[in-house]
>>> print(open('structure.txt').read())   # compact mmCIF, C-alpha atoms
# COMPACT_ATOMS: atom_id res chain seq x y z
CA MET H 15 28.64 69.65 84.03
CA PRO H 16 26.02 71.18 86.39
CA ILE H 17 22.53 69.83 86.57
CA GLU H 18 19.72 72.25 85.77
CA PHE H 19 18.42 74.14 88.76
CA ARG H 20 15.84 76.84 89.33
CA VAL H 21 17.10 80.19 90.61
CA PRO H 22 15.28 83.34 91.80
CA ILE H 23 16.40 86.42 89.89
CA GLU H 24 16.59 89.80 91.60
CA VAL H 25 17.08 93.17 89.93
CA SER H 26 19.74 95.25 91.64
CA ALA H 27 19.46 99.00 91.04
CA ARG H 28 22.44 101.37 91.16
CA HIS H 29 23.94 101.49 94.64
CA ALA H 30 26.99 102.31 96.74
CA HIS H 31 29.14 100.25 99.10
CA LEU H 32 31.12 102.55 101.38
CA ASP H 33 33.68 102.30 104.13
CA LYS H 34 32.96 104.05 107.44
CA ALA H 35 35.47 106.88 106.93
CA THR H 36 33.98 107.85 103.57
CA PHE H 37 30.44 107.62 104.93
CA GLU H 38 31.35 110.01 107.78
CA LYS H 39 32.82 112.52 105.31
CA LEU H 40 29.50 112.48 103.46
CA PHE H 41 27.13 112.40 106.47
CA GLY H 42 29.14 113.80 109.38
CA LYS H 43 31.40 112.38 112.08
CA GLY H 44 29.66 109.68 114.09
CA ALA H 45 26.86 109.24 111.55
CA GLN H 46 25.47 105.72 111.30
CA LEU H 47 23.86 103.69 108.53
CA THR H 48 20.11 103.42 109.11
CA PRO H 49 18.65 100.10 107.89
CA LEU H 50 15.62 100.58 105.64
CA LYS H 51 15.00 96.97 104.56
CA LYS H 52 16.77 93.63 104.61
CA LEU H 53 18.16 92.27 101.35
CA SER H 54 18.15 88.62 100.30
CA GLN H 55 21.78 87.99 101.21
CA PRO H 56 22.16 87.42 104.97
CA GLY H 57 23.31 90.53 106.84
CA ASP H 58 22.93 92.88 103.86
CA PHE H 59 20.46 95.76 103.94
CA ALA H 60 19.39 98.83 102.02
CA ALA H 61 20.05 101.93 104.11
CA LYS H 62 17.86 105.02 104.32
CA GLU H 63 20.85 107.19 103.41
CA LEU H 64 21.17 108.39 99.81
CA ILE H 65 24.00 110.12 97.97
CA SER H 66 24.53 111.75 94.59
CA ILE H 67 27.22 110.56 92.19
CA ARG H 68 28.80 113.07 89.84
CA SER H 69 31.21 113.02 86.91
CA LYS H 70 32.30 115.77 84.53
CA GLY H 71 29.52 114.62 82.22
CA GLY H 72 26.53 114.37 84.55
CA GLU H 73 25.00 113.58 87.92
CA ILE H 74 22.65 110.95 89.34
CA LYS H 75 20.86 111.76 92.58
CA GLN H 76 19.34 109.48 95.21
CA VAL H 77 21.77 106.58 94.95
CA ARG H 78 21.05 104.10 97.74
CA ILE H 79 23.80 103.01 100.12
CA LEU H 80 23.86 99.32 101.02
CA GLY H 81 25.03 98.13 104.40
CA PRO H 82 26.88 97.03 106.32
CA TRP H 83 29.94 99.19 105.85
CA ARG H 84 32.63 97.63 103.69
CA SER H 85 36.40 97.85 103.78
CA TYR H 86 36.33 99.57 100.38
CA ASN H 87 34.27 102.02 98.31
CA GLN H 88 32.47 100.73 95.24
CA ILE H 89 29.68 102.24 93.15
CA GLU H 90 27.66 99.85 90.98
CA ILE H 91 25.73 101.29 88.04
CA SER H 92 24.04 100.14 84.84
CA LEU H 93 25.18 100.92 81.30
CA THR H 94 22.27 103.39 80.99
CA ASP H 95 23.61 105.18 84.09
CA ALA H 96 27.07 105.24 82.50
CA TYR H 97 25.63 106.96 79.41
CA GLN H 98 23.96 109.55 81.63
CA LEU H 99 27.21 110.20 83.50
CA GLN H 100 29.28 110.04 80.30
CA VAL H 101 31.72 107.60 81.90
CA GLN H 102 33.14 104.24 80.86
CA PRO H 103 33.05 101.88 83.82
CA ILE H 104 34.56 98.41 83.54
CA LEU H 105 32.53 95.20 83.79
CA ARG H 106 33.70 93.62 87.04
CA ASP H 107 32.86 90.95 89.54
CA SER H 108 31.64 93.15 92.38
CA HIS H 109 33.64 91.02 94.86
CA GLU H 110 36.93 91.80 93.08
CA LEU H 111 38.20 94.29 95.61
CA LYS H 112 41.39 95.55 93.95
CA LEU H 113 39.27 97.55 91.45
CA ALA H 114 42.42 98.32 89.43
CA GLY H 115 41.66 100.16 86.21
CA THR H 116 38.19 101.26 87.26
CA PRO H 117 37.29 104.95 86.94
CA GLY H 118 36.58 107.24 89.85
CA ILE H 119 33.48 109.27 90.65
CA VAL H 120 32.56 112.14 92.99
CA LEU H 121 30.21 111.29 95.86
CA GLN H 122 28.04 114.01 97.40
CA GLY H 123 26.30 113.72 100.75
CA PRO H 124 24.54 116.24 102.98
CA GLU H 125 27.74 117.07 104.91
CA GLY H 126 30.43 116.88 102.24
CA SER H 127 31.82 115.29 99.11
CA VAL H 128 34.47 112.69 98.34
CA ALA H 129 36.29 112.21 95.02
CA LEU H 130 36.98 108.51 94.57
CA LYS H 131 39.96 107.70 92.34
CA LYS H 132 38.56 104.25 91.49
CA GLY H 133 35.62 101.97 92.20
CA LEU H 134 32.92 102.74 89.62
CA ILE H 135 31.85 99.45 88.00
CA LEU H 136 29.28 97.68 85.88
CA PRO H 137 28.58 94.61 88.03
CA TRP H 138 28.91 91.23 86.34
CA ARG H 139 25.60 89.35 86.52
CA HIS H 140 26.05 86.60 89.06
CA ILE H 141 24.49 83.86 91.15
CA HIS H 142 25.00 83.75 94.92
CA ILE H 143 24.90 80.14 96.10
CA ASP H 144 25.74 78.42 99.38
CA ASN H 145 28.30 75.60 99.53
CA LEU H 146 25.81 72.77 100.06
CA THR H 147 23.55 73.81 97.17
CA ALA H 148 26.59 74.31 94.93
CA LEU H 149 27.70 70.76 95.70
CA GLU H 150 24.20 69.39 95.05
CA VAL H 151 23.88 71.05 91.63
CA GLY H 152 27.53 70.58 90.65
CA VAL H 153 28.79 74.16 90.32
CA GLU H 154 31.98 75.81 91.55
CA ASP H 155 33.00 79.32 92.51
CA GLY H 156 34.03 81.32 89.44
CA GLN H 157 32.18 79.08 86.97
CA LEU H 158 30.11 80.68 84.19
CA LEU H 159 26.56 79.43 83.61
CA THR H 160 23.67 80.10 81.25
CA VAL H 161 20.32 81.11 82.74
CA GLU H 162 17.05 80.97 80.80
CA ILE H 163 14.23 83.22 82.01
CA GLU H 164 10.97 81.39 82.79
CA ASP H 165 7.33 82.28 82.20
CA ASN H 166 7.75 85.73 80.73
CA PRO H 167 6.65 87.14 77.36
CA ARG H 168 10.05 88.88 77.07
CA ALA H 169 11.96 85.76 78.10
CA LEU H 170 15.59 85.59 77.08
CA ILE H 171 18.77 83.70 77.89
CA PHE H 172 21.61 85.20 79.93
CA LYS H 173 25.03 83.76 79.15
CA ASN H 174 28.21 84.18 81.17
CA VAL H 175 26.51 84.30 84.57
CA LEU H 176 29.24 84.21 87.21
CA VAL H 177 28.84 81.75 90.10
CA ARG H 178 29.84 82.92 93.58
CA VAL H 179 29.96 80.25 96.30
CA SER H 180 30.05 81.00 100.02
CA PRO H 181 28.58 79.42 103.17
CA ASP H 182 27.13 82.88 103.91
CA PHE H 183 25.12 83.13 100.67
CA LYS H 184 21.48 82.45 99.93
CA LEU H 185 20.57 81.28 96.41
CA ALA H 186 19.79 84.27 94.17
CA MET H 187 20.87 85.64 90.81
CA HIS H 188 21.54 89.38 90.60
CA ILE H 189 21.17 91.41 87.41
CA ASP H 190 21.16 95.17 86.88
CA THR H 191 18.19 97.29 85.85
CA ASP H 192 19.07 97.25 82.14
CA GLU H 193 19.16 93.45 82.18
CA GLY H 194 15.96 93.29 84.21
CA ASN H 195 14.15 95.58 81.78
CA ALA H 196 15.34 93.56 78.78
CA ALA H 197 14.01 90.36 80.38
CA GLY H 198 10.75 91.92 81.59
CA ILE H 199 11.66 91.41 85.25
CA MET H 200 10.57 94.25 87.48
CA LYS H 201 11.75 93.04 90.89
CA VAL H 202 11.96 89.25 91.10
CA GLY H 203 11.77 86.58 88.41
CA TRP H 204 12.79 82.97 87.93
CA GLY H 205 15.23 81.23 85.66
CA ILE H 206 16.71 77.83 84.89
CA ALA H 207 20.48 77.72 85.32
CA ARG H 208 22.62 75.28 83.33
>>> encode(input="structure.txt", output="structure tokens")
Amino acid sequence: MPIEFRVPIEVSARHAHLDKATFEKLFGKGAQLTPLKKLSQPGDFAAKELISIRSKGGEIKQVRILGPWRSYNQIEISLTDAYQLQVQPILRDSHELKLAGTPGIVLQGPEGSVALKKGLILPWRHIHIDNLTALEVGVEDGQLLTVEIEDNPRALIFKNVLVRVSPDFKLAMHIDTDEGNAAGIMKVGWGIAR
């Protein structure tokens, strides 16, 4: 049983992870990701480049690409975004790379479009944690925790928070914009994980 520990909570807006080939189809051959700002996880950054995502039911513009390039294409949205697009994405651990059963989506960039056959997901709320901290607090990769929001008039409890352990991670819980709004967290909040 894990001991209680305090965790920073970050709200992750809709975004895209793209491989280099797809990025070049959208932005032109030889185009590069342009870092805009560093994210909390080491090596990750928000890029200046934006795309639109489109389904038969709707479109969302100005979707941020996160870097660095990945070996796969994955678009992470909230349930509210899914209603706007009239799609039914599957709740998935965003590190589950097979993406089997997930719906596709059309990506539009300034130089072209790409129709993905899969990769649109609702990301499972999760905690990134490094190996040493995981050992100290008694949690393991793949474990599900409960996190209670601190010091907030709209405080609530998140159940089924997935733990991800890696030596490359920095402690942070990630939730989507719907979850952040429900908990009254605009950008960063704090919670107690159990």
>>> atom_distance(input="structure.txt", atom1="atom CA of Val21 of chain H", atom2="atom CA of His109 of chain H")
20.2 Å
>>> closest_residue(input="structure.txt", among="H:Arg68, H:Lys52, H:His140, H:Lys39", to="Glu125 of chain H", atoms="all atoms listed in the file")
H:Lys39
>>> closest_residue(input="structure.txt", among="H:Gly156, H:Pro49, H:Pro82, H:Gly123", to="Trp138 of chain H", atoms="all atoms listed in the file")
H:Gly156
>>> closest_residue(input="structure.txt", among="H:Arg78, H:His142, H:Lys70, H:Lys112", to="Ala96 of chain H", atoms="only C-alpha atoms")
H:Lys70
>>> closest_residue(input="structure.txt", among="H:Leu159, H:Leu53, H:Ile141, H:Ala45", to="Ile171 of chain H", atoms="only C-alpha atoms")
H:Leu159
>>> residues_near_point(input="structure.txt", point="(38.7, 103.5, 102.7)", cutoff="9 Å", atoms="all atoms listed in the file", output="PyMOL selection string")
chain H and resi 32-36+84-87
>>> closest_atom_pairs(input="structure.txt", of="segment 74-109 of chain H", to="segment 179-203 of chain H", cutoff="12 Å", atoms="only C-alpha atoms", output="tab-separated table")
residue	atom	partner	partner_atom	distance
H:Glu90	CA	H:Asp190	CA	9.0
H:Ile91	CA	H:Asp190	CA	7.7
H:Ser92	CA	H:Asp190	CA	6.1
H:Leu93	CA	H:Asp192	CA	7.2
H:Thr94	CA	H:Asp192	CA	7.0
H:Asp95	CA	H:Asp192	CA	9.3
H:Ala96	CA	H:Asp192	CA	11.3
H:Leu105	CA	H:Asp190	CA	11.8
H:Asp107	CA	H:His188	CA	11.5
H:Ser108	CA	H:His188	CA	10.9
H:His109	CA	H:Val179	CA	11.5
>>> atom_distance(input="structure.txt", atom1="atom CA of Ser54 of chain H", atom2="atom CA of Glu24 of chain H")
8.9 Å
>>> closest_residue(input="structure.txt", among="H:Ile104, H:Val153, H:Leu176, H:Leu170", to="Phe19 of chain H", atoms="all atoms listed in the file")
H:Val153
>>> atom_distance(input="structure.txt", atom1="atom CA of Glu162 of chain H", atom2="atom CA of Pro103 of chain H")
26.5 Å
>>> residues_around(input="structure.txt", residues="Lys173 of chain H", least_positions_apart="5", cutoff="10 Å", atoms="only C-alpha atoms", output="PyMOL selection string")
chain H and resi 139+158-162+207-208
>>> residues_near_point(input="structure.txt", point="(19.6, 69.3, 90.8)", cutoff="9 Å", atoms="all atoms listed in the file", output="list in words")
Pro16, Ile17, Glu18, Phe19, Arg20, Thr147, Glu150, Val151 and Gly152 of chain H
>>> build_atoms(input="structure.txt", residues="segment 122-136 of chain H", atoms="N, CA and C atoms", output="short mmCIF file (atom, residue, chain, number, x, y, z; two decimals), in the coordinates of the input")
data_model
loop_
_atom_site.label_atom_id
_atom_site.label_comp_id
_atom_site.auth_asym_id
_atom_site.auth_seq_id
_atom_site.Cartn_x
_atom_site.Cartn_y
_atom_site.Cartn_z
N GLN H 122 28.52 112.83 96.68
CA GLN H 122 28.04 114.01 97.40
C GLN H 122 27.00 113.59 98.43
N GLY H 123 27.26 113.96 99.68
CA GLY H 123 26.30 113.72 100.75
C GLY H 123 25.87 115.03 101.36
N PRO H 124 25.03 115.00 102.39
CA PRO H 124 24.54 116.24 102.98
C PRO H 124 25.61 117.04 103.72
N GLU H 125 26.72 116.38 104.12
CA GLU H 125 27.74 117.07 104.91
C GLU H 125 29.07 117.24 104.18
N GLY H 126 29.16 116.74 102.95
CA GLY H 126 30.43 116.88 102.24
C GLY H 126 30.49 116.02 101.01
N SER H 127 31.62 116.09 100.32
CA SER H 127 31.82 115.29 99.11
C SER H 127 33.16 114.57 99.18
N VAL H 128 33.25 113.49 98.41
CA VAL H 128 34.47 112.69 98.34
C VAL H 128 34.70 112.35 96.88
N ALA H 129 35.93 112.58 96.40
CA ALA H 129 36.29 112.21 95.02
C ALA H 129 37.02 110.87 95.07
N LEU H 130 36.34 109.82 94.63
CA LEU H 130 36.98 108.51 94.57
C LEU H 130 37.87 108.44 93.33
N LYS H 131 39.05 107.85 93.47
CA LYS H 131 39.96 107.70 92.34
C LYS H 131 39.66 106.44 91.54
N LYS H 132 38.93 105.50 92.15
CA LYS H 132 38.56 104.25 91.49
C LYS H 132 37.32 103.70 92.17
N GLY H 133 36.71 102.66 91.54
CA GLY H 133 35.62 101.97 92.20
C GLY H 133 34.27 102.04 91.52
N LEU H 134 34.18 102.70 90.37
CA LEU H 134 32.92 102.74 89.62
C LEU H 134 32.89 101.55 88.67
N ILE H 135 31.88 100.67 88.82
CA ILE H 135 31.85 99.45 88.00
C ILE H 135 30.48 99.17 87.42
N LEU H 136 30.47 98.36 86.35
CA LEU H 136 29.28 97.68 85.88
C LEU H 136 29.37 96.28 86.49
#
